Each structure stands twice: as structure tokens, then as C-alpha cells.
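Data first, discussion second: the structure below is written as C-alpha cells.
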Amino acid sequence: MDASGAQEYDRMQELKAFDETKAGVKGLIDSGLQKIPKIFVRPADELEEELNHKRAQIEVPVIDMGGLDKVDQHKQIVEEVRIASETWGFFQVVNHGIPLNVLDEMLDGILKFNEQDVEEKKKYYTRDNTRRVIFNSNYDLFSSRNASWRDTLTLSFSDPHQNDSKELPALCRKSAVEYSKHVEELGNILLALLSEALGLEPEHLRNMGCAEGHRLTTHYYPECPEPELTLGTAKHSDPGFFTILLQNQINGLQIFFQNQLVDVQPIHGALVINIGDLLQLVSNGKFRSNKHRVVANHLGPRISVACFFSGPINKDKVFYGPIKELISEENPPVYKEVLLQDYIMKFVTAGLDENFLLNYCKA
Ligand code: OGA
Ligand code: NI
């Protein structure tokens with residue numbers, strides 16, 4: 001075998017060895033390591049490109065949802081949602097109606113899950129995507145250019161029969177069930193605002209099934225001894241309709257805005273909302289699904305809970321294309337209609353592909 005072939009082989013071995021520990025990145029940190037293993041180091045071209053990134057000292061819009069029931073304020077909020085969704089694809093919301101203790105307990109449950117006895121945690125380690133509870137490090141470990149500095153626990157709330165919560169890990173069960181109920185309610189409120197912001201009836205997106213079923217993808221980003229060499233989450237856009245993200249007070253989330261990087265500053269009690277690829281698709285490009293990433297940090301752990309609304313992924317024959325009311329002769333469809341199950345499958349196998357929407361769904 002030639003030199004590069006041998007190198008590839010070593011890398012595969014290292015990835016497998018890491019995966020087989022089932023202890024994730026937290027396990028590496030607990031072993032007292034001072035340098036990050038090579039499988040986490042970004043390729044040289046990426047590290048070089050990093051030096052060219054400009055940082056902007058601007059803030060993602062913060063929208064106060066407090067006056068939603070008052071006619072004037074309602075109009076104003078819809079307008080703010082429209083502007084943020086068309087330009088940034090990101091905004092934060094405050095006074096969204098989910099009690100602070102529900103948010104804090106959700107984050108605390110995830111902290112406890114990740115910091116419990118490793119043998120207990122290992123029981124959930126899997127790469128079987130059909131499981132309701134999936135714990136692993138880097139869902140795309142074997143297909144990405146380099147591994148990222150995070151562990152992930154995903155809890156699915158996609159099927160009505162999944163109301164039975166006994167399968168969920170004990171340490172975060174109660175808080176996740178509670179948070180799930182609230183976040184679903186907020187999801188429906190946001191869908192009404194997003195529909196109105198598109199000039200549609202408030203029920204339009206909800207009737208399309210955009211908030212049917214959701215997944216809580218919870219991330220644990222341990223402290224990192226060499227944060228400049230890796231990332232917490234690689235640059236990507238979210239594949240579903242929209243995401244509600246809860247983060248603790250450790251920085252890390254950055255979005256790409258007008259060729260600059262913008263930090264999404266944690267605000268205690270706020271939630272970050274972002275438009276996903278499917279909403280960009282059904283809005284025929286009116287709303288933006290923006291690229292974002294998470295940087296690694298000397299400080300940790302950063303904890304985040306991404307709630308993905310990706311539609312009824314377990315139903316057959318669900319198709320999504322640009323909404324008819326939004327297309328006309330002047331506004332021809334930019335994207336083609338996709339079969340939801342097919343689309344999700346392609347996303348999962350593609351890994352975090354930067355140009356997923358363009359590659360698979362262009363009209
Ligand atoms: C995601 C994501 C951001 C974060 O899970 O898609 O972008 O702060 N997460 O963890
Ligand atoms: Ni994301």
C-alpha cells in the first residue's frame with residue numbers, strides 16, 4: 001500500500017477505535033488528554049481559509065413575542081419575523097411563553113445525562129437511526145473530513161405512539177417530556193407567524209404538516225484543549241422546516257451573514273429560531289436557510305438543544321414543493337417537488353453537505 005493509502009487505513013482504525021469506546025469526546029477529556037487526536041483536526045486548507053473569515057460585530061435580531069395577542073403588536077411581530085427570515089434566516093425570541101425553569105431543567109437534564117457514569121451512558125450509544133433514543137459522537141463520523149468536538153443525544157417525538165416516555169433516559173426524561181410539550185406549542189405559534197410573514201393564512205404551514213413530530217437533538221460540547229484546530233459542529237444548514245434552539249451561556253454558535261461571521265450571543269431565557277432548507281424550498285427561496293456552525297472552546301461544557309421540525313417523516317408519500325400561492329410567472333419555481341422520506345434519507349447519507357439544497361432540489 002502506498003503512503004497515502006496507509007494513512008487512510010490508520011485514520012479508519014482510529015475512527016473505529018474512538019467509536020468503540022462509546023464514551024464520546026467527553027471520554028477523551030476525562031482521560032486527561034492535552035492535545036486533540038488527529039481525527040478531530042481540520043484539513044490544512046480549511047484551517048488556512050479560516051484566517052480569511054471576517055467577523056462582524058452585529059447581532060441577530062431579537063424579537064419580543066410578548067404582545068402577540070394585541071392587534072398592532074401582532075402585525076409588528078409578523079413584520080419583524082418576515083424581515084429576519086428573508087435576510088438572516090435566524091432570530092432570537094424572548095417572551096415566547098416557555099417558562100424559564102422548563103428551559104433550565106432541560107439543559108440540566110442533558111448535563112446530567114452526559115456527566116453520569118459512562119457505563120450507564122454507553123447503553124444508549126448507537127448508530128441505528130431507527131431508534132427513538134440515539135447517543136453517539138458525530139453522526140457522520142465515518143463520512144466527514146474530520147470529526148467534531150461534540151457528543152449528541154437525540155430524542156425523537158415523531159410518532160403518536162411515542163408518547164410513552166419510559167424509553168427515554170431517566171436523568172433527562174421528565175425535563176425532556178415537559179420541554180417537548182412546550183416547544184411543540186411554540187412551534188405552532190411560530191408556524192402561524194411564518195405563514196403570515198409569507199402572506200398566507202395563519203394555518204397554512206401547519207396544515208402542510210410542518211410541525212408534525214419533532215426531534216430533540218441535544219449537544220454536549222466539552223472543553224477543548226486546542227479549539228483552533230477543530231470545530232464543535234461543521235458549517236451546515238438545517239434540513240427541516242425550522243429549528244428552535246436552546247443554548248446555555250457558553251458561546252460557540254456562529255452564522256454566516258453577508259460573507260461575515262456573526263456570533264449568536266446566548267441570552268438567558270431566549271430561544272434561537274432558524275429557517276431550515278425545507279422552508280426555503282416551500283417558500284420558493286423567499287425565506288433563507290442560513291449556514292451556521294459551532295466553534296470549539298477552551299471553556300465547557302457548552303450545551304444546546306436543537307428541536308428540529310422536519311414534517312411527518314414517518315408517513316409515506318408526503319411531497320413538498322414551492323407553495324402554489326407563492327409562484328407566478330414572475331416568480332417561477334426555483335426548487336422541484338421532493339418526497340420527504342427520500343429527502344431526509346439523502347440528507348442523512350450526505351453528511352453535513354454545505355450545498356445540500358442546491359445539489360438535490362434545484363428545479
Ligand atoms: C444543529 C446546530 C447549534 C448548536 O444541531 O443543527 O446547528 O448550538 N446546533 O449546537
Ligand atoms: Ni444547525
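Chain labels follow the order of the C-alpha cells: the first chain is A, the next B, and so on; residue numbering restarts at 1 in every chain, and ligands are counted from 1 in their shown order.
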
Which neighbours of Leu216 in chain A fall inside 7 Å, counting only C-alpha atoms, when residues of the same chain fewer than 3 positions from it are skipped, and could you give them as a VMD selection string?
chain A and resid 154 to 156 305 to 308

Excluding Ser289 in chain A and residues on its chain fewer than 5 positions from it, collect all residues at most 12 Å away from it, counting only C-alpha atoms, and give them as a ChimeraX atom specification.
/A:84-91,236-243,255-257,273-284,354-358

Please, which residues have at least one atom within 6 Å of an atom of ligand 1, using only C-alpha atoms and all ligand atoms, listed as a PyMOL selection string?
chain A and resi 219+238+253+293-294+304+306

Residues as selected, C-alpha atoms, written as a PDB file, in the first residue's frame, can you do that?
ATOM      1  CA  HIS A 219     -25.401  18.509  22.022  1.00  0.00           C
ATOM      2  CA  ASP A 238     -30.593  22.594   8.876  1.00  0.00           C
ATOM      3  CA  LEU A 253     -22.796  29.327  17.634  1.00  0.00           C
ATOM      4  CA  ARG A 293     -21.556  26.268  12.745  1.00  0.00           C
ATOM      5  CA  VAL A 294     -20.334  25.890  16.301  1.00  0.00           C
ATOM      6  CA  SER A 304     -27.540  23.069  23.302  1.00  0.00           C
ATOM      7  CA  ALA A 306     -31.901  21.770  18.805  1.00  0.00           C
TER       8      ALA A 306
END

Need the shell around Glu203 in chain A: protein/DNA/RNA residues with any atom at most 10 Å away, counting only C-alpha atoms. Skip same-chain ones fewer than 2 positions apart. Format as a PyMOL selection string?
chain A and resi 188-189+191-196+200-201+205-208

Go through A:Thr126, A:Asn297, A:Thr217, A:Asn251 one by one, measure the shortest atom-to-atom distance of each to ligand 2 using only C-alpha atoms and all ligand atoms, and give the residue with the smallest value.
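Under the stated criterion, the closest residue is A:Thr217.
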
Distance criterion (only C-alpha atoms): nearest to Asp151 in chain A out of A:Pro301, A:Pro61, A:Pro266, A:Gly109
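The closest residue to Asp151 in chain A is A:Pro301.
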
Enumerate the residues of range 156-329 of chain A with a DSSP assignment of helix (DSSP H, G or I), computed from the backbone, and present them as a PyMOL selection string.
chain A and resi 160-163+170-197+204-207+227-229+277-282+324-326

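Closest approach to ligand 2 from the set A:Leu340, A:Val102, A:Leu299, A:Ala234 is made by A:Ala234, with distances taken over only C-alpha atoms and all ligand atoms.
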
When you look at Ile344 in chain A with a cut-off of 10 Å (counting only C-alpha atoms), what residues show up, excluding the ones that are within fewer than 5 positions of it in the same chain? I need them as number ranges by chain.
A: 239-240, 310, 313, 338-339, 349-350

Could you please take those selected residues and save N, CA and C atoms as an mmCIF file, in the first residue's frame?
data_model
loop_
_atom_site.group_PDB
_atom_site.id
_atom_site.type_symbol
_atom_site.label_atom_id
_atom_site.label_comp_id
_atom_site.auth_asym_id
_atom_site.auth_seq_id
_atom_site.Cartn_x
_atom_site.Cartn_y
_atom_site.Cartn_z
ATOM 1 N N PRO A 239 -31.747 20.793 7.669
ATOM 2 C CA PRO A 239 -32.536 20.252 6.552
ATOM 3 C C PRO A 239 -34.050 20.431 6.683
ATOM 4 N N GLY A 240 -34.580 20.544 7.908
ATOM 5 C CA GLY A 240 -36.035 20.549 8.099
ATOM 6 C C GLY A 240 -36.688 21.873 7.770
ATOM 7 N N SER A 310 -39.266 18.706 11.100
ATOM 8 C CA SER A 310 -38.961 18.263 9.733
ATOM 9 C C SER A 310 -40.151 17.644 9.031
ATOM 10 N N ILE A 313 -42.094 12.678 8.955
ATOM 11 C CA ILE A 313 -41.099 11.850 8.270
ATOM 12 C C ILE A 313 -41.432 10.359 8.276
ATOM 13 N N VAL A 338 -40.136 17.469 -3.731
ATOM 14 C CA VAL A 338 -39.357 16.328 -3.228
ATOM 15 C C VAL A 338 -40.252 15.420 -2.383
ATOM 16 N N LEU A 339 -39.911 14.135 -2.367
ATOM 17 C CA LEU A 339 -40.581 13.179 -1.496
ATOM 18 C C LEU A 339 -39.866 13.263 -0.145
ATOM 19 N N THR A 349 -27.442 10.492 4.521
ATOM 20 C CA THR A 349 -26.294 9.824 3.908
ATOM 21 C C THR A 349 -25.266 10.818 3.370
ATOM 22 N N ALA A 350 -25.719 12.039 3.081
ATOM 23 C CA ALA A 350 -24.767 13.029 2.538
ATOM 24 C C ALA A 350 -23.861 13.603 3.618
#

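The nearest approach to Phe142 in chain A among the residues A:Glu49, A:Glu223, A:Asp164, A:Asp19, with only C-alpha atoms taken into account, belongs to A:Asp19.
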
All residues 6 Å or closer to Gly311 in chain A, only C-alpha atoms, same chain fewer than 3 positions away omitted, as a PyMOL selection string
chain A and resi 209-212

Once you have the residues from the selection above, write them out as a PDB file, in the first residue's frame, restricted to all heavy atoms.
ATOM      1  N   GLY A 209     -48.406  20.196   7.608  1.00  0.00           N
ATOM      2  CA  GLY A 209     -47.747  19.195   8.465  1.00  0.00           C
ATOM      3  C   GLY A 209     -46.352  19.594   8.909  1.00  0.00           C
ATOM      4  O   GLY A 209     -45.583  18.756   9.399  1.00  0.00           O
ATOM      5  N   CYS A 210     -46.026  20.888   8.770  1.00  0.00           N
ATOM      6  CA  CYS A 210     -44.646  21.318   9.073  1.00  0.00           C
ATOM      7  C   CYS A 210     -44.233  21.120  10.529  1.00  0.00           C
ATOM      8  O   CYS A 210     -43.045  21.071  10.835  1.00  0.00           O
ATOM      9  CB  CYS A 210     -44.455  22.779   8.704  1.00  0.00           C
ATOM     10  SG  CYS A 210     -44.750  23.116   6.972  1.00  0.00           S
ATOM     11  N   ALA A 211     -45.212  21.061  11.448  1.00  0.00           N
ATOM     12  CA  ALA A 211     -44.824  20.888  12.857  1.00  0.00           C
ATOM     13  C   ALA A 211     -45.260  19.526  13.394  1.00  0.00           C
ATOM     14  O   ALA A 211     -45.322  19.315  14.600  1.00  0.00           O
ATOM     15  CB  ALA A 211     -45.401  22.014  13.710  1.00  0.00           C
ATOM     16  N   GLU A 212     -45.534  18.583  12.477  1.00  0.00           N
ATOM     17  CA  GLU A 212     -45.935  17.238  12.920  1.00  0.00           C
ATOM     18  C   GLU A 212     -44.700  16.441  13.307  1.00  0.00           C
ATOM     19  O   GLU A 212     -43.948  15.997  12.447  1.00  0.00           O
ATOM     20  CB  GLU A 212     -46.636  16.507  11.771  1.00  0.00           C
ATOM     21  CG  GLU A 212     -48.137  16.607  11.812  1.00  0.00           C
ATOM     22  CD  GLU A 212     -48.765  15.904  10.631  1.00  0.00           C
ATOM     23  OE1 GLU A 212     -48.444  14.721  10.393  1.00  0.00           O
ATOM     24  OE2 GLU A 212     -49.555  16.557   9.936  1.00  0.00           O
TER      25      GLU A 212
END

Check the DSSP output for the backbone and give back, as a ChimeraX atom specification, the residues of range 107-272 of chain A in strand (DSSP E).
/A:133-136,151-157,214-221,231-236,242-247,253-257,260-263,271-272

Would you save the residues of that selection, restricted to C-alpha atoms, as a CSV table (one decimal), in the first residue's frame?
chain,number,residue,atom,x,y,z
A,133,VAL,CA,-33.0,7.4,21.6
A,134,ILE,CA,-29.7,7.8,19.9
A,135,PHE,CA,-26.5,8.7,21.8
A,136,ASN,CA,-23.3,8.9,19.8
A,151,ASP,CA,-21.4,14.3,21.7
A,152,THR,CA,-25.0,14.1,20.8
A,153,LEU,CA,-28.1,12.6,22.3
A,154,THR,CA,-31.2,12.6,20.1
A,155,LEU,CA,-34.7,12.0,21.5
A,156,SER,CA,-37.4,11.5,18.9
A,157,PHE,CA,-41.0,12.7,19.4
A,214,HIS,CA,-40.1,16.8,16.2
A,215,ARG,CA,-36.7,15.6,17.3
A,216,LEU,CA,-34.7,17.0,20.2
A,217,THR,CA,-31.1,16.8,19.1
A,218,THR,CA,-29.1,17.7,22.2
A,219,HIS,CA,-25.4,18.5,22.0
A,220,TYR,CA,-22.7,18.4,24.7
A,221,TYR,CA,-19.5,20.3,23.7
A,231,LEU,CA,-14.9,22.7,15.3
A,232,GLY,CA,-17.9,21.8,17.6
A,233,THR,CA,-20.2,21.5,14.6
A,234,ALA,CA,-19.1,21.9,11.0
A,235,LYS,CA,-20.7,24.5,8.7
A,236,HIS,CA,-24.2,23.4,7.6
A,242,PHE,CA,-37.3,25.2,11.1
A,243,THR,CA,-35.3,24.8,14.3
A,244,ILE,CA,-35.9,26.1,17.8
A,245,LEU,CA,-32.5,26.1,19.6
A,246,LEU,CA,-31.9,26.3,23.3
A,247,GLN,CA,-28.3,27.1,24.4
A,253,LEU,CA,-22.8,29.3,17.6
A,254,GLN,CA,-21.8,31.4,14.6
A,255,ILE,CA,-23.8,32.2,11.5
A,256,PHE,CA,-22.5,33.2,8.1
A,257,PHE,CA,-24.1,36.5,7.1
A,260,GLN,CA,-19.0,37.5,7.6
A,261,LEU,CA,-19.2,35.5,10.8
A,262,VAL,CA,-21.7,36.6,13.4
A,263,ASP,CA,-21.7,35.2,16.9
A,271,LEU,CA,-34.5,30.8,22.1
A,272,VAL,CA,-32.8,30.9,18.7

Just to confirm, what's the straight-line distance from CA of Ile36 in chain A to CA of Cys224 in chain A in Å (one decimal)?
7.8 Å
